[in-house]
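All remarks here apply to the structure that follows.
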Amino acid sequence: MKIACYPGSFDPITNGHLDIIKRASKVFDEVYVTIMVNPKKKVTFSEQERKEMIESCIKDLPNVKVVIGNGLTVDFATKLNATALIRGIRAVADYEYELQQATANMMLNENIETFFFVARPEFSFLSSSVAKEIAINGGDISKFIPDAIKDRVNRELKK
Ligand code: ADP
């Protein structure tokens, strides 16, 4: 059984994240979308809120689960029995950071491989921050944020 961990902030989940989750769920037997707790990062939604939002977007994906993780990603992935980490690459800008993380994780644990999914072109500019900025300023987020959570995001963010 091939188990993968998809770590990230998901603050909140976007259509770009959801696309990666769907594609990964076809490749791996089980995918754990893992909201990594990062005390240094200023977040908009609590871990529990982010978990609920992801869960409402993946109801039709039986082999995907959402968990809240802490500590080193490779250690948390090991607790999940995962042997793969999933990350997305949108543009060259992501590459340097992702390469650094993946290499560090490789040095920390040889048994966990990082797999990169290339963003679909229509989501290659999309980040949680861009979507939030649009919502805060009253723009239409329907192309960027999954339908299941669109109203909730608008409610919480619209000025
Ligand atoms: P982190 O704080 O760990 O970067 P994010 O939630 O911003 O958390 O991103 C998690 C992962 O998903 C990262 O690998 C990121 O590159 C990827 N990702 C984010 N947005 C997109 C998108 N629109 N398309 C594809 N991958 C994405």
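Labeling convention for the structure tokens: chains A, B, ... as they appear, residues from 1 per chain, ligands from 1 in order of appearance.
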
Contact residues around A:Arg155 with only C-alpha atoms at 10 Å, ignoring same-chain residues under 5 positions, as a ChimeraX atom specification: /A:135-136,149-150

Those residues you just picked out, can you put them in a file as a CSV table (one decimal), in the first residue's frame with N, CA and C atoms?
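Writing the result to out-v9.csv gives the following:
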```csv
chain,number,residue,atom,x,y,z
A,135,ALA,N,-10.7,38.1,-2.3
A,135,ALA,CA,-12.0,38.0,-1.4
A,135,ALA,C,-12.1,39.3,-0.5
A,136,ILE,N,-11.0,39.7,0.1
A,136,ILE,CA,-11.0,40.9,1.0
A,136,ILE,C,-11.5,42.1,0.2
A,149,ILE,N,-16.5,25.8,-0.3
A,149,ILE,CA,-16.1,26.7,0.8
A,149,ILE,C,-16.1,28.2,0.4
A,150,LYS,N,-16.5,28.4,-0.8
A,150,LYS,CA,-16.5,29.8,-1.4
A,150,LYS,C,-17.2,30.8,-0.5
```

Output the neighbourhood of ligand 1 as a ChimeraX atom specification, that is, all protein and nucleic acid residues with some atom at most 6 Å from the ligand, counting only C-alpha atoms and all ligand atoms. /A:8-10,16-17,87-90,119,123-124,126-127

Would you write out, as a Markdown table, a table of all residues in stretch 78-143 of chain A that have an atom no more than 12 Å from an atom of stretch 29-45 of chain A, listing for each the closest atom pair and the distance in Å to one decimal, considering only C-alpha atoms and ordering rows by chain and rising residue number?
```
| residue | atom | partner | partner_atom | distance |
| --- | --- | --- | --- | --- |
| A:Thr78 | CA | A:Tyr32 | CA | 11.8 |
| A:Lys79 | CA | A:Tyr32 | CA | 11.4 |
| A:Leu80 | CA | A:Tyr32 | CA | 8.0 |
| A:Asn81 | CA | A:Tyr32 | CA | 10.2 |
| A:Ala82 | CA | A:Tyr32 | CA | 8.5 |
| A:Thr83 | CA | A:Val31 | CA | 10.8 |
| A:Ala84 | CA | A:Val31 | CA | 9.3 |
| A:Leu85 | CA | A:Val31 | CA | 9.5 |
| A:Ile86 | CA | A:Val31 | CA | 9.1 |
| A:Arg87 | CA | A:Val33 | CA | 10.7 |
| A:Ser128 | CA | A:Thr44 | CA | 10.0 |
| A:Ser129 | CA | A:Thr44 | CA | 9.7 |
| A:Lys132 | CA | A:Thr44 | CA | 9.1 |
| A:Glu133 | CA | A:Thr44 | CA | 11.6 |
| A:Ile136 | CA | A:Thr44 | CA | 11.7 |
```

Atom CA of A:Val118 and atom CA of A:Ala91, how far apart in Å? 8.6 Å

Å distance separating atom CA of A:Met53 from atom CA of A:Pro12, one decimal place: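 That distance, rounded to one decimal, is 7.5 Å.
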
DSSP alpha helix (DSSP H) residues within chain A, as a PyMOL selection string: chain A and resi 15-27+47-57+73-79+92-108+128-136+147-157
